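Next comes target-v9.tsv, a file with TSV, C-alpha atoms.
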```tsv
chain	number	residue	atom	x	y	z
K	904	MET	CA	-34.46	-2.89	-17.74
K	905	TYR	CA	-31.37	-4.24	-15.95
K	906	ASP	CA	-31.45	-5.80	-12.53
K	907	TYR	CA	-28.33	-3.88	-11.43
K	908	LEU	CA	-26.57	-0.71	-12.49
K	909	ILE	CA	-22.99	-1.05	-11.25
K	910	VAL	CA	-21.15	2.24	-10.91
K	911	GLY	CA	-17.43	1.53	-11.12
K	912	ALA	CA	-15.69	-1.20	-13.11
K	913	GLY	CA	-13.06	-1.91	-10.47
K	914	LEU	CA	-12.60	-5.14	-8.59
K	915	PHE	CA	-15.65	-4.83	-6.31
K	916	GLY	CA	-17.98	-3.95	-9.18
K	917	ALA	CA	-16.57	-6.68	-11.42
K	918	VAL	CA	-16.96	-9.41	-8.78
K	919	PHE	CA	-20.49	-8.25	-7.93
K	920	ALA	CA	-21.45	-8.25	-11.63
K	921	HIS	CA	-20.03	-11.72	-12.17
K	922	GLU	CA	-21.84	-13.19	-9.17
K	923	ALA	CA	-25.09	-11.47	-10.17
K	924	LYS	CA	-24.81	-12.93	-13.67
K	925	LYS	CA	-24.20	-16.41	-12.19
K	926	ASN	CA	-27.49	-15.98	-10.36
K	927	GLY	CA	-29.41	-15.07	-13.49
K	928	LYS	CA	-29.36	-11.29	-13.02
K	929	THR	CA	-28.60	-8.72	-15.69
K	930	CYS	CA	-26.08	-5.92	-15.10
K	931	LEU	CA	-24.97	-2.71	-16.72
K	932	VAL	CA	-21.47	-1.75	-15.59
K	933	ILE	CA	-20.34	1.85	-16.11
K	934	ASP	CA	-17.10	3.67	-15.38
K	935	LYS	CA	-16.02	7.28	-15.88
K	936	ARG	CA	-12.54	6.20	-16.98
K	937	LYS	CA	-11.83	5.13	-20.55
K	938	HIS	CA	-11.01	1.59	-19.44
K	939	LEU	CA	-12.33	-1.17	-17.18
K	940	GLY	CA	-10.50	-2.44	-14.10
K	941	GLY	CA	-10.32	0.59	-11.85
K	942	ASN	CA	-6.95	0.91	-10.12
K	943	ILE	CA	-5.76	-2.58	-11.10
K	944	TYR	CA	-5.81	-1.68	-14.80
K	945	CYS	CA	-2.61	-2.47	-16.68
K	946	GLU	CA	-1.43	-0.76	-19.88
K	947	ASN	CA	0.77	-2.73	-22.25
K	948	ILE	CA	3.87	-0.66	-23.02
K	949	GLU	CA	6.79	-2.20	-24.90
K	950	GLY	CA	5.27	-5.62	-24.20
K	951	ILE	CA	5.24	-4.93	-20.44
K	952	ASN	CA	2.08	-4.85	-18.30
K	953	VAL	CA	2.42	-1.50	-16.57
K	954	HIS	CA	0.42	-1.07	-13.33
K	955	LYS	CA	-0.94	2.37	-14.22
K	956	TYR	CA	-2.19	3.19	-10.73
K	957	GLY	CA	0.57	1.77	-8.57
K	958	ALA	CA	1.79	-1.71	-7.71
K	959	HIS	CA	-0.89	-4.33	-7.11
K	960	ILE	CA	0.41	-7.57	-5.64
K	961	PHE	CA	-2.19	-10.18	-4.84
K	962	HIS	CA	-1.78	-11.98	-1.52
K	963	THR	CA	-4.13	-13.88	0.75
K	964	ASN	CA	-4.40	-16.67	3.30
K	965	ASP	CA	-7.87	-17.56	2.05
K	966	LYS	CA	-7.63	-20.57	-0.28
K	967	ASN	CA	-11.19	-20.04	-1.52
K	968	ILE	CA	-10.37	-16.52	-2.71
K	969	TRP	CA	-7.07	-17.71	-4.21
K	970	ASP	CA	-8.90	-20.47	-6.11
K	971	TYR	CA	-11.56	-17.95	-7.15
K	972	VAL	CA	-9.14	-15.55	-8.87
K	973	ASN	CA	-7.16	-18.40	-10.39
K	974	SER	CA	-10.35	-19.71	-11.99
K	975	PHE	CA	-10.26	-16.66	-14.27
K	976	VAL	CA	-6.51	-16.44	-14.90
K	977	PRO	CA	-3.54	-18.42	-13.54
K	978	PHE	CA	-1.28	-16.46	-11.20
K	979	ASN	CA	2.51	-16.61	-11.26
K	980	ARG	CA	4.85	-17.16	-8.30
K	981	TYR	CA	5.93	-13.52	-7.84
K	982	THR	CA	7.04	-12.85	-4.25
K	983	ASN	CA	7.18	-9.27	-3.06
K	984	SER	CA	10.66	-8.52	-1.69
K	985	PRO	CA	11.06	-4.73	-1.81
K	986	LEU	CA	14.25	-2.83	-1.12
K	987	ALA	CA	14.73	0.50	0.65
K	988	ASN	CA	17.21	3.06	-0.60
K	989	TYR	CA	18.42	5.48	2.07
K	990	LYS	CA	21.15	7.90	0.93
K	991	GLY	CA	22.38	5.39	-1.62
K	992	GLN	CA	22.52	2.43	0.74
K	993	LEU	CA	20.18	-0.51	0.12
K	994	TYR	CA	18.26	-2.34	2.84
K	995	ASN	CA	15.98	-5.35	2.61
K	996	LEU	CA	12.32	-5.10	3.60
K	997	PRO	CA	10.47	-6.12	5.68
K	998	PHE	CA	12.76	-5.63	8.69
K	999	ASN	CA	14.57	-8.95	8.99
K	1000	MET	CA	18.02	-10.39	9.66
K	1001	ASN	CA	19.25	-9.19	6.27
K	1002	THR	CA	18.20	-5.65	7.24
K	1003	PHE	CA	19.87	-5.93	10.65
K	1004	TYR	CA	23.09	-7.15	9.06
K	1005	GLN	CA	23.01	-4.21	6.63
K	1006	LEU	CA	22.44	-1.79	9.53
K	1007	TRP	CA	24.73	-3.21	12.19
K	1008	GLN	CA	26.66	-6.16	10.65
K	1009	VAL	CA	25.09	-8.51	13.21
K	1010	LYS	CA	24.83	-12.16	12.25
K	1011	THR	CA	22.63	-13.70	14.95
K	1012	PRO	CA	19.09	-12.96	16.12
K	1013	GLN	CA	20.29	-12.38	19.68
K	1014	GLU	CA	22.79	-9.71	18.56
K	1015	ALA	CA	20.04	-7.92	16.63
K	1016	LEU	CA	17.56	-8.20	19.49
K	1017	THR	CA	20.10	-6.77	21.95
K	1018	ILE	CA	20.58	-3.66	19.82
K	1019	ILE	CA	16.84	-3.17	19.28
K	1020	GLU	CA	16.06	-3.58	22.99
K	1021	LYS	CA	18.75	-1.06	23.88
K	1022	GLN	CA	17.42	1.48	21.36
K	1023	THR	CA	13.75	1.08	22.33
K	1024	SER	CA	14.05	0.85	26.10
K	1025	LYS	CA	13.97	4.58	26.88
K	1026	TYR	CA	10.94	5.12	24.62
K	1027	LYS	CA	8.83	2.45	26.31
K	1028	GLU	CA	8.61	4.37	29.56
K	1029	LYS	CA	5.59	6.41	28.47
K	1030	GLU	CA	2.51	5.94	26.32
K	1031	PRO	CA	3.25	7.09	22.72
K	1032	THR	CA	1.34	10.22	21.76
K	1033	ASN	CA	2.29	10.31	18.08
K	1034	LEU	CA	3.66	8.13	15.29
K	1035	GLU	CA	7.29	9.02	15.93
K	1036	GLU	CA	7.13	8.02	19.59
K	1037	GLN	CA	5.29	4.83	18.69
K	1038	ALA	CA	7.87	3.83	16.06
K	1039	LEU	CA	10.82	4.57	18.34
K	1040	ALA	CA	9.27	2.41	21.06
K	1041	LEU	CA	8.78	-0.42	18.58
K	1042	VAL	CA	12.02	-0.48	16.57
K	1043	GLY	CA	14.45	2.14	17.89
K	1044	GLU	CA	16.35	5.05	16.33
K	1045	ASP	CA	18.26	3.41	13.47
K	1046	ILE	CA	15.37	1.65	11.77
K	1047	TYR	CA	13.05	4.61	12.39
K	1048	THR	CA	15.45	7.27	11.10
K	1049	LYS	CA	16.62	5.41	8.01
K	1050	LEU	CA	13.63	3.35	6.94
K	1051	ILE	CA	10.44	4.86	8.40
K	1052	LYS	CA	10.56	8.59	9.13
K	1053	GLY	CA	11.14	10.13	5.70
K	1054	TYR	CA	8.98	7.65	3.82
K	1055	THR	CA	6.06	8.05	6.22
K	1056	GLU	CA	6.21	11.85	6.24
K	1057	LYS	CA	6.21	11.90	2.43
K	1058	GLN	CA	3.35	9.41	2.25
K	1059	TRP	CA	1.11	11.33	4.66
K	1060	GLY	CA	2.30	14.86	3.93
K	1061	ARG	CA	2.72	15.55	7.64
K	1062	LYS	CA	5.48	15.40	10.22
K	1063	ALA	CA	5.64	12.10	12.08
K	1064	THR	CA	5.14	14.01	15.33
K	1065	ASP	CA	1.81	15.28	13.96
K	1066	LEU	CA	0.53	11.85	12.97
K	1067	PRO	CA	-1.46	9.68	15.40
K	1068	ALA	CA	0.30	6.72	16.97
K	1069	PHE	CA	-2.39	4.23	15.88
K	1070	ILE	CA	-1.21	4.38	12.25
K	1071	ILE	CA	1.54	1.94	13.19
K	1072	LYS	CA	0.14	-0.24	15.93
K	1073	ARG	CA	2.89	-2.71	15.18
K	1074	LEU	CA	6.03	-2.94	13.06
K	1075	PRO	CA	6.89	-6.59	12.45
K	1076	LEU	CA	10.50	-7.57	13.13
K	1077	ARG	CA	11.63	-10.88	11.70
K	1078	PHE	CA	14.62	-12.58	13.22
K	1079	THR	CA	15.14	-14.77	10.16
K	1080	PHE	CA	16.82	-14.09	6.82
K	1081	ASP	CA	13.51	-13.79	4.97
K	1082	ASN	CA	12.75	-10.97	2.50
K	1083	ASN	CA	9.18	-12.10	1.68
K	1084	TYR	CA	7.17	-8.98	2.50
K	1085	PHE	CA	3.84	-10.73	3.02
K	1086	ASN	CA	3.18	-13.55	5.46
K	1087	ASP	CA	0.27	-14.84	3.40
K	1088	THR	CA	0.24	-18.39	2.08
K	1089	TYR	CA	-0.75	-17.38	-1.46
K	1090	GLN	CA	0.89	-14.60	-3.47
K	1091	GLY	CA	1.36	-13.71	-7.12
K	1092	ILE	CA	0.47	-11.68	-10.19
K	1093	PRO	CA	-1.99	-12.76	-12.93
K	1094	ILE	CA	-0.03	-14.20	-15.84
K	1095	GLY	CA	-0.63	-11.67	-18.61
K	1096	GLY	CA	-1.69	-8.90	-16.22
K	1097	TYR	CA	-4.73	-7.87	-14.20
K	1098	ASN	CA	-6.79	-7.00	-17.28
K	1099	ARG	CA	-7.21	-10.74	-17.83
K	1100	LEU	CA	-8.79	-11.05	-14.38
K	1101	ILE	CA	-11.19	-8.15	-14.97
K	1102	ASN	CA	-12.08	-9.35	-18.49
K	1103	GLY	CA	-12.81	-12.80	-17.08
K	1104	LEU	CA	-15.06	-11.41	-14.38
K	1105	LEU	CA	-16.93	-9.14	-16.80
K	1106	ALA	CA	-17.22	-11.58	-19.72
K	1107	ASP	CA	-20.60	-11.31	-21.48
K	1108	ILE	CA	-21.69	-8.42	-19.23
K	1109	THR	CA	-22.68	-5.06	-20.72
K	1110	CYS	CA	-20.00	-2.48	-19.89
K	1111	LYS	CA	-19.73	1.18	-20.85
K	1112	THR	CA	-16.70	3.40	-20.24
K	1113	ASN	CA	-16.35	7.21	-20.36
K	1114	VAL	CA	-19.66	7.49	-18.50
K	1115	ASP	CA	-19.84	9.94	-15.61
K	1116	PHE	CA	-22.54	8.72	-13.25
K	1117	PHE	CA	-23.15	12.15	-11.74
K	1118	GLU	CA	-23.72	13.85	-15.08
K	1119	GLN	CA	-26.79	11.69	-15.73
K	1120	LYS	CA	-27.54	10.11	-12.37
K	1121	GLU	CA	-31.34	10.01	-12.58
K	1122	GLU	CA	-31.43	8.71	-16.16
K	1123	LEU	CA	-28.89	5.97	-15.42
K	1124	GLN	CA	-30.61	4.79	-12.25
K	1125	LYS	CA	-33.87	4.45	-14.18
K	1126	LEU	CA	-32.18	1.77	-16.31
K	1127	ALA	CA	-32.00	-0.71	-13.41
K	1128	HIS	CA	-33.97	-1.88	-10.41
K	1129	LYS	CA	-30.99	-1.37	-8.07
K	1130	THR	CA	-27.67	0.48	-8.09
K	1131	VAL	CA	-24.34	-0.81	-6.83
K	1132	PHE	CA	-22.24	2.26	-6.03
K	1133	THR	CA	-18.47	1.85	-5.60
K	1134	GLY	CA	-17.43	5.51	-5.80
K	1135	LYS	CA	-16.83	8.04	-3.03
K	1136	ILE	CA	-19.70	7.92	-0.58
K	1137	ASP	CA	-19.41	11.65	0.18
K	1138	SER	CA	-19.77	12.48	-3.52
K	1139	TYR	CA	-22.93	10.35	-3.78
K	1140	PHE	CA	-24.52	12.51	-1.08
K	1141	GLU	CA	-23.18	15.74	-2.62
K	1142	TYR	CA	-20.73	16.34	0.23
K	1143	LYS	CA	-23.58	17.09	2.63
K	1144	PHE	CA	-21.32	16.69	5.67
K	1145	GLY	CA	-18.15	17.88	3.96
K	1146	GLN	CA	-15.44	16.02	2.07
K	1147	LEU	CA	-13.78	12.90	3.42
K	1148	GLU	CA	-10.00	13.25	3.29
K	1149	TYR	CA	-7.71	11.02	1.26
K	1150	ARG	CA	-4.09	10.87	0.27
K	1151	SER	CA	-3.46	10.63	-3.43
K	1152	LEU	CA	-0.59	9.75	-5.75
K	1153	ARG	CA	0.92	11.13	-8.94
K	1154	PHE	CA	2.60	8.64	-11.25
K	1155	GLU	CA	5.51	9.46	-13.53
K	1156	HIS	CA	6.03	6.69	-16.09
K	1157	GLU	CA	9.21	6.43	-18.15
K	1158	ILE	CA	10.35	4.05	-20.90
K	1159	LEU	CA	14.08	3.27	-20.71
K	1160	ASP	CA	16.11	1.78	-23.56
K	1161	ILE	CA	17.81	-0.73	-21.28
K	1162	PRO	CA	16.69	-4.24	-20.26
K	1163	ASN	CA	16.95	-3.75	-16.48
K	1164	TYR	CA	16.95	-0.57	-14.41
K	1165	GLN	CA	16.97	-1.56	-10.74
K	1166	GLY	CA	16.83	-5.36	-10.64
K	1167	ASN	CA	13.70	-5.41	-8.48
K	1168	ALA	CA	10.03	-4.59	-8.92
K	1169	VAL	CA	9.82	-2.22	-5.93
K	1170	VAL	CA	12.47	0.06	-4.41
K	1171	ASN	CA	11.38	2.51	-1.69
K	1172	TYR	CA	13.19	5.82	-1.24
K	1173	THR	CA	13.07	6.57	2.45
K	1174	GLU	CA	14.90	9.89	2.79
K	1175	ALA	CA	12.80	13.04	2.95
K	1176	SER	CA	14.85	14.99	0.38
K	1177	ILE	CA	13.75	12.68	-2.48
K	1178	PRO	CA	10.18	13.68	-3.42
K	1179	TYR	CA	8.94	10.28	-4.61
K	1180	THR	CA	8.31	7.37	-2.25
K	1181	ARG	CA	9.26	4.52	-4.55
K	1182	ILE	CA	10.21	3.39	-8.05
K	1183	LEU	CA	8.44	0.46	-9.67
K	1184	GLU	CA	9.99	-1.56	-12.48
K	1185	HIS	CA	6.99	-3.38	-13.90
K	1186	LYS	CA	8.61	-6.13	-15.93
K	1187	HIS	CA	9.87	-7.81	-12.75
K	1188	PHE	CA	6.28	-8.51	-11.62
K	1189	GLU	CA	6.09	-11.04	-14.45
K	1190	PHE	CA	9.79	-11.93	-14.83
K	1191	GLY	CA	9.94	-10.11	-18.17
K	1192	LYS	CA	12.82	-10.39	-20.63
K	1193	GLN	CA	11.85	-7.48	-22.91
K	1194	PRO	CA	14.70	-5.42	-24.42
K	1195	LYS	CA	13.34	-2.21	-22.84
K	1196	THR	CA	11.96	-1.46	-19.39
K	1197	VAL	CA	9.29	0.82	-17.90
K	1198	ILE	CA	9.69	2.48	-14.52
K	1199	THR	CA	7.21	4.50	-12.46
K	1200	LYS	CA	7.98	7.04	-9.77
K	1201	GLU	CA	5.23	7.55	-7.18
K	1202	TYR	CA	4.74	11.03	-5.72
K	1203	PRO	CA	2.30	11.35	-2.79
K	1204	LEU	CA	-0.01	14.35	-2.63
K	1205	GLU	CA	-3.18	15.53	-0.98
K	1206	ALA	CA	-6.34	14.26	-2.62
K	1207	SER	CA	-8.86	16.73	-3.98
K	1208	ILE	CA	-11.95	16.52	-6.16
K	1209	LYS	CA	-9.57	16.55	-9.16
K	1210	ASN	CA	-7.05	14.04	-7.77
K	1211	GLU	CA	-7.77	10.34	-7.55
K	1212	PRO	CA	-8.38	9.22	-3.93
K	1213	TYR	CA	-6.19	6.31	-2.77
K	1214	TYR	CA	-5.66	6.18	0.99
K	1215	PRO	CA	-8.44	7.19	3.40
K	1216	VAL	CA	-7.31	9.37	6.29
K	1217	ASN	CA	-9.06	7.39	9.01
K	1218	ASP	CA	-8.53	9.83	11.86
K	1219	ALA	CA	-11.28	10.69	14.33
K	1220	PRO	CA	-12.85	13.67	12.44
K	1221	ASN	CA	-13.01	11.72	9.15
K	1222	THR	CA	-14.39	8.63	10.85
K	1223	GLN	CA	-17.14	10.72	12.47
K	1224	ARG	CA	-17.94	12.29	9.10
K	1225	TYR	CA	-18.03	8.91	7.37
K	1226	ASN	CA	-20.39	7.50	10.00
K	1227	LYS	CA	-22.88	10.25	9.13
K	1228	TYR	CA	-22.72	9.26	5.46
K	1229	LYS	CA	-23.06	5.61	6.45
K	1230	GLU	CA	-26.33	6.41	8.20
K	1231	LEU	CA	-27.62	8.12	5.05
K	1232	ALA	CA	-26.59	5.09	3.00
K	1233	LYS	CA	-28.74	2.81	5.16
K	1234	ASN	CA	-31.82	4.74	4.01
K	1235	GLU	CA	-31.04	4.25	0.30
K	1236	LYS	CA	-33.14	1.12	-0.13
K	1237	ASN	CA	-32.25	0.50	-3.77
K	1238	VAL	CA	-28.55	1.36	-3.55
K	1239	ILE	CA	-25.79	-1.00	-2.40
K	1240	PHE	CA	-22.58	0.70	-1.30
K	1241	GLY	CA	-19.39	-1.32	-1.52
K	1242	GLY	CA	-15.64	-1.12	-1.99
K	1243	ARG	CA	-12.80	1.04	-0.78
K	1244	LEU	CA	-14.32	4.44	-1.60
K	1245	ALA	CA	-17.94	3.70	-0.72
K	1246	GLU	CA	-16.91	2.22	2.64
K	1247	TYR	CA	-14.08	4.71	3.28
K	1248	LYS	CA	-11.78	1.85	4.16
K	1249	TYR	CA	-8.41	0.73	2.85
K	1250	TYR	CA	-8.87	-2.74	1.39
K	1251	ASP	CA	-6.28	-5.09	-0.06
K	1252	MET	CA	-7.47	-6.83	-3.22
K	1253	HIS	CA	-8.40	-10.09	-1.53
K	1254	GLN	CA	-10.43	-8.12	1.02
K	1255	VAL	CA	-12.33	-6.32	-1.75
K	1256	ILE	CA	-13.17	-9.67	-3.33
K	1257	GLY	CA	-14.16	-11.12	0.04
K	1258	SER	CA	-16.43	-8.15	0.72
K	1259	ALA	CA	-18.10	-8.39	-2.70
K	1260	LEU	CA	-18.62	-12.14	-2.35
K	1261	ALA	CA	-20.10	-11.69	1.14
K	1262	LYS	CA	-22.55	-9.07	-0.12
K	1263	THR	CA	-23.64	-11.16	-3.09
K	1264	ARG	CA	-24.08	-14.27	-0.92
K	1265	LYS	CA	-26.33	-12.28	1.40
K	1266	ILE	CA	-28.42	-11.05	-1.54
K	1267	PHE	CA	-28.60	-14.17	-3.70
K	1268	ARG	CA	-28.37	-16.93	-1.11
K	1269	PRO	CA	-29.93	-15.48	2.07
```

Could you take the file, read its structure, and then write that structure out as structure tokens?
Amino acid sequence: MYDYLIVGAGLFGAVFAHEAKKNGKTCLVIDKRKHLGGNIYCENIEGINVHKYGAHIFHTNDKNIWDYVNSFVPFNRYTNSPLANYKGQLYNLPFNMNTFYQLWQVKTPQEALTIIEKQTSKYKEKEPTNLEEQALALVGEDIYTKLIKGYTEKQWGRKATDLPAFIIKRLPLRFTFDNNYFNDTYQGIPIGGYNRLINGLLADITCKTNVDFFEQKEELQKLAHKTVFTGKIDSYFEYKFGQLEYRSLRFEHEILDIPNYQGNAVVNYTEASIPYTRILEHKHFEFGKQPKTVITKEYPLEASIKNEPYYPVNDAPNTQRYNKYKELAKNEKNVIFGGRLAEYKYYDMHQVIGSALAKTRKIFRP
């Protein structure tokens, strides 16, 4: 008999299992996929660690969490500096002085600020009622039209005028020549890929893949005193209040017989006529020198029971529905719900780890 059955071998489940083991508890970790690691799983192709489920770039301001992950695998110095391609023209992201120079050939912060204030002034006269109005009031027509509108509409599958304004409460503008996308103190990629992090967390813990929890739910739960569930909370309760909505992604991987395709790990395609939102070139996450390269095109789509859920649609109806499931979860005395899907919340990786550590501290060191 195990102390914990952990459903899902992603980051939350792996951290929980590791902390439980440190506290003398036994765990059985299961996952319906054929591999461990959830969405941070990497597949080695042509000697390159390919992020099979989209780019995962670790970043945090929390030194304790940074030291925690580095205790399993050292991280490199990768800095995320994506580019945006709009009708063949390249722009630096996030919006900074390099971007403003590329848009308007301005060379000083004051010149850039003058243009932005002129473009936003007429949109600040009323309260924004949708995403388009909000973006125009924050950054003006040029940045919105070229770098936000098409990308956002592809990502959400809806017109910007039909999306709520709260999705972009702010759009940071940097008046320095700084292409570092994240403001966090610590940033990088595990040297050798994320599988090393997961394997370190799950070392000497019983793990089984290709196991569908819902096909043998009762039998599996009898194997442990408690269950840690990291899957979709609506699926656990058999969609009693209806399905929670997500956006999903389709990935198109391609091996190219050249050493370098785009010179950068991430290039966004911001015009609406191009169906994918970005192209990843995985070798650049680890400064690879392999003779070939692997690229991935990301195509957004609506999530369904068949499609993998990625981004929760946290609008009012879905939030109300989730709150009903959350109330049911409180009554499951021997089940712990945690992670992005079980909490219907978009988490960055450091936030997932922080959440798992907080839960285990509460359980093991009350």

Give me the residues near Arg936 (chain K) as number ranges by chain, where near means some atom within 10 Å (using only C-alpha atoms) and where sequence neighbours in that chain fewer than 3 positions away do not count. K: 911-912, 933, 939-941, 1111-1115

What's around Ala1040 (chain K) at 12 Å? Count all atoms listed in the file, leave out sequence neighbours fewer than 5 positions away in its own chain, and write the answer as a list in words.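 The residues that qualify are Ile1019, Glu1020, Lys1021, Gln1022, Thr1023, Ser1024, Lys1025, Tyr1026, Lys1027, Glu1028, Lys1029, Glu1030, Pro1031, Thr1032, Asn1033, Leu1034, Glu1035, Asp1045, Ile1046, Tyr1047, Ala1068, Ile1071, Lys1072, Arg1073 and Leu1074 of chain K.
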
So which residues touch Val1009 (chain K) within 12 Å, counting all atoms listed in the file, skipping near sequence neighbours fewer than 3 positions away, as a PyMOL selection string? chain K and resi 999-1006+1012-1019+1078+1080

Saved selection, atoms kept: C-alpha atoms, as a PDB file, in the coordinates of the input:
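The result, stored in out-v4.pdb:
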```pdb
ATOM      1  CA  ASN K 999      14.570  -8.950   8.990  1.00  0.00           C
ATOM      2  CA  MET K1000      18.020 -10.390   9.660  1.00  0.00           C
ATOM      3  CA  ASN K1001      19.250  -9.190   6.270  1.00  0.00           C
ATOM      4  CA  THR K1002      18.200  -5.650   7.240  1.00  0.00           C
ATOM      5  CA  PHE K1003      19.870  -5.930  10.650  1.00  0.00           C
ATOM      6  CA  TYR K1004      23.090  -7.150   9.060  1.00  0.00           C
ATOM      7  CA  GLN K1005      23.010  -4.210   6.630  1.00  0.00           C
ATOM      8  CA  LEU K1006      22.440  -1.790   9.530  1.00  0.00           C
ATOM      9  CA  PRO K1012      19.090 -12.960  16.120  1.00  0.00           C
ATOM     10  CA  GLN K1013      20.290 -12.380  19.680  1.00  0.00           C
ATOM     11  CA  GLU K1014      22.790  -9.710  18.560  1.00  0.00           C
ATOM     12  CA  ALA K1015      20.040  -7.920  16.630  1.00  0.00           C
ATOM     13  CA  LEU K1016      17.560  -8.200  19.490  1.00  0.00           C
ATOM     14  CA  THR K1017      20.100  -6.770  21.950  1.00  0.00           C
ATOM     15  CA  ILE K1018      20.580  -3.660  19.820  1.00  0.00           C
ATOM     16  CA  ILE K1019      16.840  -3.170  19.280  1.00  0.00           C
ATOM     17  CA  PHE K1078      14.620 -12.580  13.220  1.00  0.00           C
ATOM     18  CA  PHE K1080      16.820 -14.090   6.820  1.00  0.00           C
TER      19      PHE K1080
END
```

Top pick for closest residue to Leu1159 (chain K), considering K:Asp906, K:Asp1087, K:Glu949, K:Glu1122 and counting only C-alpha atoms: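 Comparing K:Asp906, K:Asp1087, K:Glu949, K:Glu1122 against Leu1159 (chain K), the winner is K:Glu949.
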
Which one is closest to Gln1254 (chain K): K:Asp965, K:Glu922, K:Glu1155, K:Glu946? Count all atoms listed in the file. K:Asp965

When distances are computed from only C-alpha atoms, which of K:Gln1037, K:Gln1090, K:Gln1008, K:Thr1133 shows the smallest separation from Gly916 (chain K)?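 Nearest candidate to Gly916 (chain K) out of K:Gln1037, K:Gln1090, K:Gln1008, K:Thr1133: K:Thr1133.
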
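With all atoms listed in the file as the atoms that count, the residue of K:Ser1176, K:Thr1109, K:Ser1207, K:Asn1226 with the shortest distance to Arg1150 (chain K) is K:Ser1207.
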
Using all atoms listed in the file, which of the listed residues (K:Tyr1164, K:Tyr1089, K:Phe1267, K:Phe1132) sits closest to Leu1244 (chain K)? K:Phe1132

For Tyr1225 (chain K), which residue out of K:Lys1262, K:Lys1135, K:His962, K:Arg1153 is the nearest one, using all atoms listed in the file?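 Nearest to Tyr1225 (chain K): K:Lys1135.
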
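Atom pair CA of Phe961 (chain K) / CA of Phe1085 (chain K): separated by 9.9 Å.
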
Applying 12 Å and only C-alpha atoms, which residues near Lys925 (chain K) remain after dropping the ones on its own chain fewer than 6 positions away? List them as a PyMOL selection string. chain K and resi 918-919+1104-1108+1263-1264+1267-1268

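With CA of Lys935 (chain K) on one side and CA of Ile1158 (chain K) on the other, the separation reads 27.0 Å.
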